[in-house]
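Undergrad: Contents of coords01.csv (CSV, C-alpha atoms and all ligand atoms) are given next:
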```
chain,number,residue,atom,x,y,z
B,28,MET,CA,-11.9,11.7,21.6
B,29,THR,CA,-9.8,8.6,22.4
B,30,PRO,CA,-10.6,5.5,20.3
B,31,ASP,CA,-11.8,2.6,22.4
B,32,ASP,CA,-9.6,-0.4,22.8
B,33,ALA,CA,-11.1,-2.4,19.9
B,34,VAL,CA,-10.7,0.5,17.5
B,35,ARG,CA,-7.2,1.3,18.7
B,36,MET,CA,-6.1,-2.3,18.4
B,37,ALA,CA,-7.5,-2.5,14.9
B,38,LEU,CA,-5.7,0.7,14.0
B,39,CYS,CA,-2.4,-0.8,15.3
B,40,THR,CA,-3.1,-4.0,13.3
B,41,GLN,CA,-3.5,-1.9,10.1
B,42,MET,CA,-0.4,0.0,11.0
B,43,GLY,CA,1.4,-3.3,11.0
B,44,ARG,CA,0.0,-4.2,7.6
B,45,GLU,CA,1.2,-0.9,6.2
B,46,PHE,CA,4.7,-1.7,7.5
B,47,ALA,CA,4.3,-5.1,5.9
B,48,ALA,CA,3.4,-3.5,2.6
B,49,HIS,CA,6.5,-1.3,2.9
B,50,PHE,CA,8.7,-4.3,3.3
B,51,GLN,CA,6.9,-6.2,0.5
B,52,TYR,CA,7.4,-3.3,-2.0
B,53,LEU,CA,11.0,-3.0,-0.9
B,54,ALA,CA,11.5,-6.7,-1.7
B,55,MET,CA,9.8,-6.2,-5.0
B,56,SER,CA,12.1,-3.3,-5.8
B,57,ALA,CA,15.2,-5.3,-5.0
B,58,TRP,CA,14.0,-8.2,-7.2
B,59,LEU,CA,13.3,-5.8,-10.1
B,60,GLU,CA,16.7,-4.2,-9.8
B,61,ASP,CA,18.3,-7.7,-10.0
B,62,GLU,CA,16.3,-8.3,-13.1
B,63,GLY,CA,17.8,-5.2,-14.7
B,64,LEU,CA,14.7,-3.1,-14.6
B,65,PRO,CA,15.8,0.1,-12.8
B,66,GLU,CA,12.7,2.2,-13.5
B,67,LEU,CA,10.2,-0.4,-12.2
B,68,SER,CA,12.5,-1.0,-9.3
B,69,GLY,CA,12.5,2.7,-8.5
B,70,PHE,CA,8.7,2.8,-8.8
B,71,PHE,CA,8.3,0.0,-6.3
B,72,GLY,CA,10.9,1.7,-4.1
B,73,ARG,CA,8.8,4.9,-4.1
B,74,GLN,CA,5.7,2.8,-3.3
B,75,ALA,CA,7.6,1.3,-0.4
B,76,ALA,CA,8.3,4.7,1.0
B,77,GLU,CA,4.6,5.7,0.6
B,78,GLU,CA,3.6,2.6,2.6
B,79,HIS,CA,6.0,3.6,5.3
B,80,GLY,CA,4.3,7.0,5.4
B,81,HIS,CA,0.9,5.4,5.7
B,82,ALA,CA,2.1,3.3,8.7
B,83,MET,CA,3.5,6.4,10.3
B,84,LYS,CA,0.3,8.4,9.9
B,85,ILE,CA,-1.5,5.7,11.9
B,86,PHE,CA,1.3,5.7,14.5
B,87,ARG,CA,1.0,9.4,14.9
B,88,TYR,CA,-2.9,9.3,15.1
B,89,VAL,CA,-2.9,6.6,17.8
B,90,LEU,CA,-0.4,8.6,19.8
B,91,ASP,CA,-2.2,11.9,19.3
B,92,THR,CA,-5.5,10.3,20.5
B,93,GLY,CA,-4.1,8.9,23.7
B,94,GLY,CA,-2.1,5.8,22.7
B,95,PRO,CA,-0.6,3.4,23.5
B,96,VAL,CA,0.8,2.1,20.2
B,97,ALA,CA,1.3,-1.6,19.8
B,98,ILE,CA,3.6,-2.5,16.9
B,99,PRO,CA,2.9,-5.9,15.5
B,100,GLY,CA,5.6,-8.3,14.3
B,101,GLN,CA,5.9,-9.1,10.6
B,102,ASP,CA,6.5,-12.1,8.5
B,103,ALA,CA,9.3,-11.8,6.0
B,104,PRO,CA,8.1,-10.5,2.6
B,105,VAL,CA,8.0,-12.7,-0.5
B,106,ALA,CA,11.4,-12.1,-2.1
B,107,SER,CA,11.3,-13.8,-5.5
B,108,PHE,CA,8.7,-13.9,-8.3
B,109,GLU,CA,8.1,-16.0,-11.4
B,110,SER,CA,7.8,-13.0,-13.6
B,111,VAL,CA,7.2,-9.3,-13.6
B,112,GLU,CA,3.6,-10.0,-14.4
B,113,ALA,CA,3.3,-12.2,-11.3
B,114,LEU,CA,5.0,-9.5,-9.2
B,115,VAL,CA,2.6,-6.8,-10.3
B,116,ALA,CA,-0.4,-9.1,-10.0
B,117,ALA,CA,0.7,-9.8,-6.4
B,118,ALA,CA,1.0,-6.0,-5.8
B,119,LEU,CA,-2.5,-5.5,-7.1
B,120,ALA,CA,-3.9,-8.3,-4.9
B,121,GLN,CA,-2.2,-6.7,-1.9
B,122,GLU,CA,-3.8,-3.3,-2.7
B,123,GLU,CA,-7.2,-4.9,-3.1
B,124,GLN,CA,-6.8,-6.7,0.3
B,125,VAL,CA,-5.7,-3.4,2.0
B,126,THR,CA,-8.8,-1.7,0.6
B,127,ARG,CA,-11.0,-4.4,2.2
B,128,TRP,CA,-9.2,-3.9,5.5
B,129,ILE,CA,-9.6,-0.2,5.4
B,130,ASP,CA,-13.3,-0.5,4.6
B,131,GLU,CA,-13.7,-2.9,7.6
B,132,LEU,CA,-11.9,-0.3,9.8
B,133,VAL,CA,-14.3,2.4,8.7
B,134,HIS,CA,-17.2,0.2,9.5
B,135,LEU,CA,-15.7,-0.6,12.9
B,136,ALA,CA,-15.2,3.1,13.7
B,137,ARG,CA,-18.8,3.8,12.7
B,138,GLU,CA,-20.1,0.9,14.9
B,139,HIS,CA,-18.1,2.2,17.8
B,140,ARG,CA,-19.4,5.8,17.3
B,141,ASP,CA,-15.9,7.2,16.7
B,142,PRO,CA,-16.3,10.0,14.2
B,143,ALA,CA,-12.7,11.2,14.6
B,144,THR,CA,-11.3,7.8,13.5
B,145,GLU,CA,-13.8,7.6,10.7
B,146,ALA,CA,-12.7,11.0,9.4
B,147,PHE,CA,-9.1,10.1,9.8
B,148,LEU,CA,-9.6,6.9,7.7
B,149,GLN,CA,-11.2,8.8,4.8
B,150,TRP,CA,-7.7,9.7,3.6
B,151,TYR,CA,-6.9,6.0,3.3
B,152,VAL,CA,-10.2,5.3,1.5
B,153,THR,CA,-9.2,7.8,-1.2
B,154,GLU,CA,-5.6,6.7,-1.3
B,155,GLN,CA,-6.6,3.0,-1.9
B,156,VAL,CA,-8.8,4.0,-4.8
B,157,GLU,CA,-5.7,5.6,-6.4
B,158,GLU,CA,-3.4,2.8,-5.5
B,159,VAL,CA,-5.7,0.1,-6.9
B,160,ALA,CA,-6.1,2.1,-10.1
B,161,THR,CA,-2.3,2.6,-10.4
B,162,MET,CA,-1.6,-1.2,-10.0
B,163,THR,CA,-4.5,-2.2,-12.3
B,164,GLU,CA,-3.1,0.0,-15.1
B,165,LEU,CA,0.5,-1.2,-14.5
B,166,LEU,CA,-0.7,-4.8,-14.7
B,167,GLN,CA,-2.5,-4.0,-18.0
B,168,VAL,CA,0.6,-2.4,-19.4
B,169,VAL,CA,2.9,-5.3,-18.3
B,170,ARG,CA,0.5,-7.8,-19.9
B,171,ARG,CA,0.3,-5.8,-23.1
B,172,ALA,CA,4.1,-5.5,-23.3
B,173,GLY,CA,4.7,-9.3,-23.0
B,174,GLU,CA,8.4,-9.9,-23.4
B,175,SER,CA,9.1,-6.2,-24.3
B,176,LEU,CA,9.7,-5.1,-20.7
B,177,LEU,CA,11.7,-2.0,-21.9
B,178,PHE,CA,8.3,-0.7,-23.0
B,179,VAL,CA,7.2,-1.0,-19.4
B,180,GLU,CA,10.3,0.9,-18.3
B,181,ASP,CA,9.5,3.7,-20.6
B,182,TYR,CA,5.9,3.8,-19.4
B,183,VAL,CA,7.1,4.1,-15.8
B,184,VAL,CA,9.3,7.0,-16.7
B,185,ARG,CA,6.5,8.8,-18.4
B,186,ARG,CA,3.6,8.0,-16.1
B,187,HIS,CA,5.3,7.7,-12.7
B,188,PRO,CA,8.5,9.7,-12.8
B,189,ALA,CA,10.8,9.9,-9.8
B,190,GLY,CA,9.8,13.0,-7.9
B,191,GLY,CA,6.4,13.2,-9.5
B,192,GLU,CA,2.9,12.1,-8.2
B,193,ALA,CA,2.6,8.3,-7.7
H,201,LIG,FE1,-1.0,1.8,2.3
H,201,LIG,O1,-1.6,2.2,0.7
H,201,LIG,FE2,-1.8,0.9,-0.4
H,201,LIG,O2,-1.5,-0.5,0.6
```
I need this file expressed as structure tokens, please.
TA:
Amino acid sequence: MTPDDAVRMALCTQMGREFAAHFQYLAMSAWLEDEGLPELSGFFGRQAAEEHGHAMKIFRYVLDTGGPVAIPGQDAPVASFESVEALVAAALAQEEQVTRWIDELVHLAREHRDPATEAFLQWYVTEQVEEVATMTELLQVVRRAGESLLFVEDYVVRRHPAGGEA
């Protein structure tokens, strides 16, 4: 079934937000590398790649269900941060916002009697639970570490290794 125009436009808007999250995490990764924190930088680089994947899943779904795809323009990401804690708090706030948007999309698909889109979105519902939990834990660790950011670097190596599950 083809999503109606309202659902399709809302999916494209969400695709744009996922691309925005991709760029935001890339900017965070760059800032962290400049700060001499390669493991955290790598972690945010991997998060950026995941967000790109999330955007592309929607891109594919909209095309597979009849298109057309409308790719929204993006504001530039925030590129500098007061501290690592501020950066991770911003990442958590972003994930919480994305969760609200996904929930709204699920409700919209339900209102528009679009079970295919509702089923498609379930993957995002589950993914957001994991991403909010990941950022919540990282923020706790950063707060606990205080000035000892090498402790956070070690945590990332153990908990979120390159090539492992996010
Ligand atoms: Fe796209 O997964 Fe979080 O934001």
Undergrad: Would you list the residues near (-4.2, 13.7, 19.5) (no more than 12 Å away, in the coordinates of the file, using all atoms listed in the file) as number ranges by chain?
TA: B: 28-30, 84-95, 143-144, 147
Undergrad: Could you give me, as a Markdown table, a per-residue list for chain B showing, wherever an atom lies at most 12 Å from an atom of ligand LIG 201 (chain H), the closest pair of atoms and their distance in Å to one decimal, using only C-alpha atoms and all ligand atoms and sorting by chain then residue number from low to high?
TA:
```
| residue | atom | partner | partner_atom | distance |
| --- | --- | --- | --- | --- |
| B:Gln41 | CA | H:LIG201 | FE1 | 9.0 |
| B:Met42 | CA | H:LIG201 | FE1 | 8.9 |
| B:Gly43 | CA | H:LIG201 | FE1 | 10.4 |
| B:Arg44 | CA | H:LIG201 | O2 | 8.1 |
| B:Glu45 | CA | H:LIG201 | FE1 | 5.2 |
| B:Phe46 | CA | H:LIG201 | FE1 | 8.5 |
| B:Ala47 | CA | H:LIG201 | O2 | 9.1 |
| B:Ala48 | CA | H:LIG201 | O2 | 6.1 |
| B:His49 | CA | H:LIG201 | FE1 | 8.1 |
| B:Phe50 | CA | H:LIG201 | O2 | 11.2 |
| B:Gln51 | CA | H:LIG201 | O2 | 10.2 |
| B:Tyr52 | CA | H:LIG201 | O2 | 9.7 |
| B:Phe71 | CA | H:LIG201 | FE2 | 11.7 |
| B:Arg73 | CA | H:LIG201 | O1 | 11.8 |
| B:Gln74 | CA | H:LIG201 | FE2 | 8.3 |
| B:Ala75 | CA | H:LIG201 | FE1 | 9.0 |
| B:Ala76 | CA | H:LIG201 | FE1 | 9.8 |
| B:Glu77 | CA | H:LIG201 | FE1 | 7.0 |
| B:Glu78 | CA | H:LIG201 | FE1 | 4.7 |
| B:His79 | CA | H:LIG201 | FE1 | 7.8 |
| B:Gly80 | CA | H:LIG201 | FE1 | 8.0 |
| B:His81 | CA | H:LIG201 | FE1 | 5.3 |
| B:Ala82 | CA | H:LIG201 | FE1 | 7.3 |
| B:Met83 | CA | H:LIG201 | FE1 | 10.3 |
| B:Lys84 | CA | H:LIG201 | FE1 | 10.1 |
| B:Ile85 | CA | H:LIG201 | FE1 | 10.4 |
| B:Ala117 | CA | H:LIG201 | O2 | 11.8 |
| B:Ala118 | CA | H:LIG201 | O2 | 8.8 |
| B:Leu119 | CA | H:LIG201 | O2 | 9.2 |
| B:Ala120 | CA | H:LIG201 | O2 | 9.8 |
| B:Gln121 | CA | H:LIG201 | O2 | 6.7 |
| B:Glu122 | CA | H:LIG201 | O2 | 4.9 |
| B:Glu123 | CA | H:LIG201 | O2 | 8.1 |
| B:Gln124 | CA | H:LIG201 | O2 | 8.2 |
| B:Val125 | CA | H:LIG201 | O2 | 5.3 |
| B:Thr126 | CA | H:LIG201 | O2 | 7.4 |
| B:Arg127 | CA | H:LIG201 | O2 | 10.4 |
| B:Trp128 | CA | H:LIG201 | O2 | 9.7 |
| B:Ile129 | CA | H:LIG201 | FE1 | 9.4 |
| B:Leu148 | CA | H:LIG201 | FE1 | 11.4 |
| B:Trp150 | CA | H:LIG201 | O1 | 10.1 |
| B:Tyr151 | CA | H:LIG201 | O1 | 7.0 |
| B:Val152 | CA | H:LIG201 | O1 | 9.2 |
| B:Thr153 | CA | H:LIG201 | O1 | 9.6 |
| B:Glu154 | CA | H:LIG201 | O1 | 6.3 |
| B:Gln155 | CA | H:LIG201 | FE2 | 5.4 |
| B:Val156 | CA | H:LIG201 | FE2 | 8.8 |
| B:Glu157 | CA | H:LIG201 | FE2 | 8.6 |
| B:Glu158 | CA | H:LIG201 | FE2 | 5.7 |
| B:Val159 | CA | H:LIG201 | FE2 | 7.6 |
| B:Ala160 | CA | H:LIG201 | FE2 | 10.7 |
| B:Thr161 | CA | H:LIG201 | FE2 | 10.2 |
| B:Met162 | CA | H:LIG201 | FE2 | 9.8 |
| B:Ala193 | CA | H:LIG201 | O1 | 11.2 |
```
Undergrad: Please, what distance in Å, to one decimal, runs between CA of Val179 (chain B) and CA of Val105 (chain B)?
TA: 22.2 Å
Undergrad: For each of B:Glu112, B:Ala106, B:Asp32, B:Arg140, take the minimum atom-to-atom distance to Gln167 (chain B), counting all atoms listed in the file, then give the residue where this is smallest.
TA: B:Glu112
Undergrad: Please compute the CA of Gly72 (chain B)-CA of Val133 (chain B) distance, one decimal, in Å.
TA: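 Value for the CA of Gly72 (chain B)-CA of Val133 (chain B) distance: 28.3 Å.
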Undergrad: Quick one, how far is CA of Glu66 (chain B) from CA of Arg171 (chain B)?
TA: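 Between CA of Glu66 (chain B) and CA of Arg171 (chain B) the gap works out to 17.6 Å.
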Undergrad: Taking only C-alpha atoms into account, which of B:Ala189, B:Val184, B:Leu67, B:Met36 comes nearest Leu114 (chain B)?
TA: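 The closest residue to Leu114 (chain B) is B:Leu67.
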Undergrad: Which is closest to Glu62 (chain B) among B:Ser110, B:Val34, B:Ser175, B:Glu164, if we use only C-alpha atoms?
TA: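 Among the listed residues, B:Ser110 lies closest to Glu62 (chain B).
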Undergrad: For a quick check of understanding, using all atoms listed in the file, which of B:Glu131, B:Glu145, B:Glu174, B:Glu109 has the smallest distance to Trp58 (chain B)?
TA: B:Glu109
Undergrad: Hey, what's within 8 Å of Ser68 (chain B) if we count all atoms listed in the file and toss same-chain stuff fewer than 4 positions away? As a list in words, please?
TA: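 That gives Met55, Ser56, Ala57, Trp58, Leu59, Glu60, Leu64 and Gly72 of chain B.
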Undergrad: Using only C-alpha atoms, please write the residues we just selected to a file, as a PDB file, in the coordinates of the input.
TA:
```
ATOM      1  CA  MET B  55       9.800  -6.200  -5.000  1.00  0.00           C
ATOM      2  CA  SER B  56      12.100  -3.300  -5.800  1.00  0.00           C
ATOM      3  CA  ALA B  57      15.200  -5.300  -5.000  1.00  0.00           C
ATOM      4  CA  TRP B  58      14.000  -8.200  -7.200  1.00  0.00           C
ATOM      5  CA  LEU B  59      13.300  -5.800 -10.100  1.00  0.00           C
ATOM      6  CA  GLU B  60      16.700  -4.200  -9.800  1.00  0.00           C
ATOM      7  CA  LEU B  64      14.700  -3.100 -14.600  1.00  0.00           C
ATOM      8  CA  GLY B  72      10.900   1.700  -4.100  1.00  0.00           C
TER       9      GLY B  72
END
```
